[in-house]
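Heads up: the structure comes next, in structure tokens.
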Amino acid sequence: MINSTKAFLLLLVAIILLPFAGQTSPSGSASPEVAPYVRYLEGVKQTSVEYVMSLFDTYDTVILCERNHKEMTQYDFILDLLRHPKFIERVGHVYTEIGSKSQEKKIEKLLRAKNLSSKEVDEQVLEIYRNLSWQVCWEKTNYSVLLKGVYRLNQTLDDGKRVFIHPCDISFDWEKGTAVSYKAFDETTVARRDYYIAQNVLATMEENEKTDRNRKKSLVIMNYRHAYNRDCSTGREEMENVGRFLFSAFKDKIANVLINPMNRNEGLNRVVATQDGKWDAAFEILKKWDAGFSFAGSPFGGDHFDHWQFPNPWTYQDVFTGFVYYLPAERHKLVTGLPGILSKEYRNELRRRLEIVGVPDVEKILPLAEKEMGVHSETSYKDLNSATDSIHQWIK
């Protein structure tokens, strides 16, 4: 009887443990260099959206540092953030580097409109895109997805709760522009672009505080160095950054957050993984594809700041408040093109703009610009395989 009971208990234990046979702690799959990151991440419980929303409990303004301008999946995260009930209640306003200030009224008109058909929404977005930038054209698709996503969100909200996108980039009047006026614009306004973007952000925030008194928080979306809390240098050229101006204005009431990037190797024109792949390896070991945390007190925060590929003395916690990881690099999508944008009039306008900015061989360049603008294209990062190899070297 005793032997039978003992055999039964042993069998029961075997059945309970069978699913875990051969499994080890996730940290056991990491090299010694990556193990501290894995151990830290095991204690991170907040998603990317939850983390950013928690920052608004302490800060009035949060800057998100966008990945590659073309990357689409980061805008899935951003739209999820904008749909969060507390974002709608407490924030409601988004200030973007993408989009010239001159297009703000058209964007506001779209986001205030009700019951438009899909065709009408598409037509308004295409018209905004034709004049979205001081650059000849803006072919990246994700801003159109942002506008359409916020339009759909606003259809579910009361008028006083609507979310608004405020483009804050510099403006060039293409309708009246000439080669002479563009040259002057390039030498003056473009030369201090970050200063003017920051002034547009601050002025627009001040205007919105007068008309939307119940929502005093703000989300700012900037790309790359523009989101840094300080200026930076290539060693030969000094760079003013929007983030530095905003941190100077808001002092301890502003935070900035880096969205997991593929870093830009400025010298070789290719992407490289952060910290030679160690960061991404830690997330991959845990299969943790959606998380957010502050740099201070983490092993990530103390690492040298290699997001800026030029020599600098900083750590990540010196430049950014926090970090969100949303999907690994192999799932990122670089998307361009807006089918339907290339009306006959706009093709002619593209040619005229290329001539204004002094592009040589316009007739050769024009078909390339038309393709980038009008044809939907989805690609991955250049040299992604090399970057992922650097990640996998840290995983046993």
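Going by the structure tokens order, chains are called A, B, ..., each with residues numbered from 1, while ligands are numbered from 1 in the order shown.
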Q.
Please list as an MDAnalysis selection string every residue within 12 Å of A:Phe293, counting only C-alpha atoms and excluding residues in the same chain fewer than 6 positions away.
A. chainID A and resid 40:55 256:260 299:301 317 320:325
Could you please take those selected residues and save C-alpha atoms as a PDB file, in the first residue's frame?
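Written file, result06.pdb:
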```pdb
ATOM      1  CA  TYR A  40      16.083  44.181 -14.603  1.00  0.00           C
ATOM      2  CA  LEU A  41      13.505  43.577 -17.324  1.00  0.00           C
ATOM      3  CA  GLU A  42      12.015  40.676 -15.404  1.00  0.00           C
ATOM      4  CA  GLY A  43      10.830  43.271 -12.880  1.00  0.00           C
ATOM      5  CA  VAL A  44       9.390  45.687 -15.469  1.00  0.00           C
ATOM      6  CA  LYS A  45       5.595  45.328 -15.487  1.00  0.00           C
ATOM      7  CA  GLN A  46       4.345  48.384 -17.365  1.00  0.00           C
ATOM      8  CA  THR A  47       3.553  48.361 -21.080  1.00  0.00           C
ATOM      9  CA  SER A  48       4.765  51.208 -23.269  1.00  0.00           C
ATOM     10  CA  VAL A  49       1.402  52.986 -23.047  1.00  0.00           C
ATOM     11  CA  GLU A  50       1.123  52.464 -19.297  1.00  0.00           C
ATOM     12  CA  TYR A  51       4.607  53.847 -18.747  1.00  0.00           C
ATOM     13  CA  VAL A  52       4.091  57.001 -20.808  1.00  0.00           C
ATOM     14  CA  MET A  53       0.727  57.638 -19.178  1.00  0.00           C
ATOM     15  CA  SER A  54       2.353  57.272 -15.743  1.00  0.00           C
ATOM     16  CA  LEU A  55       4.774  60.069 -16.641  1.00  0.00           C
ATOM     17  CA  ASN A 256      11.416  62.682 -22.832  1.00  0.00           C
ATOM     18  CA  VAL A 257      11.140  59.054 -23.895  1.00  0.00           C
ATOM     19  CA  LEU A 258      13.118  57.111 -26.487  1.00  0.00           C
ATOM     20  CA  ILE A 259      11.170  54.591 -28.604  1.00  0.00           C
ATOM     21  CA  ASN A 260      13.424  51.573 -29.242  1.00  0.00           C
ATOM     22  CA  PRO A 299      21.467  49.196 -16.218  1.00  0.00           C
ATOM     23  CA  PHE A 300      20.241  50.680 -19.497  1.00  0.00           C
ATOM     24  CA  GLY A 301      20.440  54.239 -18.184  1.00  0.00           C
ATOM     25  CA  GLN A 317      19.930  58.744 -18.519  1.00  0.00           C
ATOM     26  CA  PHE A 320      16.387  60.773 -21.891  1.00  0.00           C
ATOM     27  CA  THR A 321      14.004  60.290 -18.988  1.00  0.00           C
ATOM     28  CA  GLY A 322      12.781  56.901 -20.126  1.00  0.00           C
ATOM     29  CA  PHE A 323      12.527  54.172 -22.711  1.00  0.00           C
ATOM     30  CA  VAL A 324       9.756  52.216 -24.373  1.00  0.00           C
ATOM     31  CA  TYR A 325      10.283  48.995 -26.267  1.00  0.00           C
TER      32      TYR A 325
END
```
Q: Identify, on the basis of only C-alpha atoms, every residue whose closest approach to A:Arg130 does not exceed 10 Å; exclude the query and any residue fewer than 3 positions from it along the same chain; express the result as a list in words.
A: Val125, Leu126, Glu127, Ser133, Val136, Cys137, Trp138, Glu139, Ile341, Leu342, Tyr346, Glu349, Leu350 and Met373 of chain A
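Here the strand (DSSP E or B) residues in stretch 102-248 of chain A, by DSSP on the backbone, are Lys140, Phe164, Ile165, His166, Pro167, Cys168, Asp169, Ser218, Leu219, Val220, Ile221, Met222, Asn223, Cys232, Ser233, Glu238 and Met239 of chain A.
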Q: Name the residues in contact with A:Pro367 at a cut-off of 12 Å, using only C-alpha atoms, excluding same-chain residues fewer than 4 positions from it; report them as a list in words.
A: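 Using only C-alpha atoms, the neighbours found are Leu342, Arg347, Asn348, Leu350, Arg351, Leu354, Asp361, Val362, Glu363, Lys371, Glu372, Met373, Gly374 and Val375 of chain A.
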Write a file of the just-selected residues containing N, CA and C atoms, as a JSON list (two decimals), in the first residue's frame.
```
[["chain", "number", "residue", "atom", "x", "y", "z"],
["A", 342, "LEU", "N", -1.07, 61.67, -56.71],
["A", 342, "LEU", "CA", -0.43, 62.23, -57.91],
["A", 342, "LEU", "C", -1.45, 62.67, -58.95],
["A", 347, "ARG", "N", 1.71, 66.61, -60.04],
["A", 347, "ARG", "CA", 2.91, 66.21, -60.78],
["A", 347, "ARG", "C", 3.64, 67.45, -61.30],
["A", 348, "ASN", "N", 2.88, 68.37, -61.85],
["A", 348, "ASN", "CA", 3.48, 69.61, -62.34],
["A", 348, "ASN", "C", 4.10, 70.42, -61.19],
["A", 350, "LEU", "N", 5.32, 69.20, -58.36],
["A", 350, "LEU", "CA", 6.56, 68.56, -57.95],
["A", 350, "LEU", "C", 7.72, 68.99, -58.84],
["A", 351, "ARG", "N", 7.48, 69.03, -60.15],
["A", 351, "ARG", "CA", 8.52, 69.46, -61.08],
["A", 351, "ARG", "C", 8.95, 70.90, -60.76],
["A", 354, "LEU", "N", 11.05, 71.05, -57.51],
["A", 354, "LEU", "CA", 12.40, 70.54, -57.73],
["A", 354, "LEU", "C", 13.26, 71.60, -58.42],
["A", 361, "ASP", "N", 19.06, 67.80, -63.15],
["A", 361, "ASP", "CA", 18.43, 66.68, -63.85],
["A", 361, "ASP", "C", 17.03, 66.40, -63.33],
["A", 362, "VAL", "N", 16.19, 67.43, -63.30],
["A", 362, "VAL", "CA", 14.84, 67.32, -62.76],
["A", 362, "VAL", "C", 14.06, 66.21, -63.44],
["A", 363, "GLU", "N", 14.21, 66.07, -64.75],
["A", 363, "GLU", "CA", 13.42, 65.06, -65.47],
["A", 363, "GLU", "C", 13.81, 63.64, -65.09],
["A", 371, "LYS", "N", 7.30, 58.17, -57.71],
["A", 371, "LYS", "CA", 7.18, 56.81, -57.21],
["A", 371, "LYS", "C", 7.15, 56.78, -55.69],
["A", 372, "GLU", "N", 8.05, 57.55, -55.08],
["A", 372, "GLU", "CA", 8.07, 57.61, -53.61],
["A", 372, "GLU", "C", 6.76, 58.12, -53.07],
["A", 373, "MET", "N", 6.18, 59.11, -53.73],
["A", 373, "MET", "CA", 4.94, 59.71, -53.25],
["A", 373, "MET", "C", 3.71, 58.84, -53.53],
["A", 374, "GLY", "N", 3.64, 58.29, -54.72],
["A", 374, "GLY", "CA", 2.38, 57.71, -55.17],
["A", 374, "GLY", "C", 2.24, 56.21, -55.06],
["A", 375, "VAL", "N", 3.36, 55.49, -54.86],
["A", 375, "VAL", "CA", 3.31, 54.03, -54.86],
["A", 375, "VAL", "C", 3.56, 53.51, -53.45]]
```
Q) Using only C-alpha atoms, which residue out of A:Ala35, A:Val94, A:Ala113, A:Leu338 lies closest to A:Cys168? A)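 Answer, going by the shortest atom-to-atom distance: A:Val94.
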Q: Please provide the set of residues having any atom within 8 Å of A:Asn229, restricted to only C-alpha atoms, with same-chain residues fewer than 2 positions apart removed, written as a list in words.
A: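 Selected residues are Ala227, Asp231, Asn241, Gly243, Arg244, Phe245, Leu246, Phe247, Asn256, Val319 and Phe320 of chain A.
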Q: May I ask for the distance between atom CA of A:Gln393 and atom CA of A:Ser298, given in Å to one decimal place?
A: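 Atom-to-atom, atom CA of A:Gln393 and atom CA of A:Ser298 are spaced 22.2 Å apart.
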Q: Would you list the contacts of A:Ser29 as a ChimeraX atom specification, taking every protein, DNA or RNA residue within 12 Å and counting only C-alpha atoms, but skipping same-chain residues closer than 5 positions in sequence?
A: /A:23-24,34-35,38-39,281-287,392-396
Store the residues of this selection in a file with C-alpha atoms, as a PDB file, in the first residue's frame.
```pdb
ATOM      1  CA  GLN A  23      13.073  24.879 -19.309  1.00  0.00           C
ATOM      2  CA  THR A  24      15.472  27.236 -17.607  1.00  0.00           C
ATOM      3  CA  VAL A  34      23.400  40.742 -20.955  1.00  0.00           C
ATOM      4  CA  ALA A  35      22.238  39.022 -17.750  1.00  0.00           C
ATOM      5  CA  VAL A  38      17.468  40.568 -18.356  1.00  0.00           C
ATOM      6  CA  ARG A  39      17.194  40.556 -14.565  1.00  0.00           C
ATOM      7  CA  ALA A 281      19.071  40.630 -26.875  1.00  0.00           C
ATOM      8  CA  ALA A 282      17.693  41.099 -23.356  1.00  0.00           C
ATOM      9  CA  PHE A 283      14.195  41.796 -24.682  1.00  0.00           C
ATOM     10  CA  GLU A 284      14.417  38.872 -27.093  1.00  0.00           C
ATOM     11  CA  ILE A 285      15.441  36.432 -24.366  1.00  0.00           C
ATOM     12  CA  LEU A 286      12.310  37.368 -22.412  1.00  0.00           C
ATOM     13  CA  LYS A 287      10.111  37.742 -25.509  1.00  0.00           C
ATOM     14  CA  HIS A 392      22.062  37.151 -31.383  1.00  0.00           C
ATOM     15  CA  GLN A 393      25.746  37.070 -30.415  1.00  0.00           C
ATOM     16  CA  TRP A 394      24.676  37.712 -26.807  1.00  0.00           C
ATOM     17  CA  ILE A 395      22.175  34.846 -26.631  1.00  0.00           C
ATOM     18  CA  LYS A 396      23.435  31.385 -25.693  1.00  0.00           C
TER      19      LYS A 396
END
```
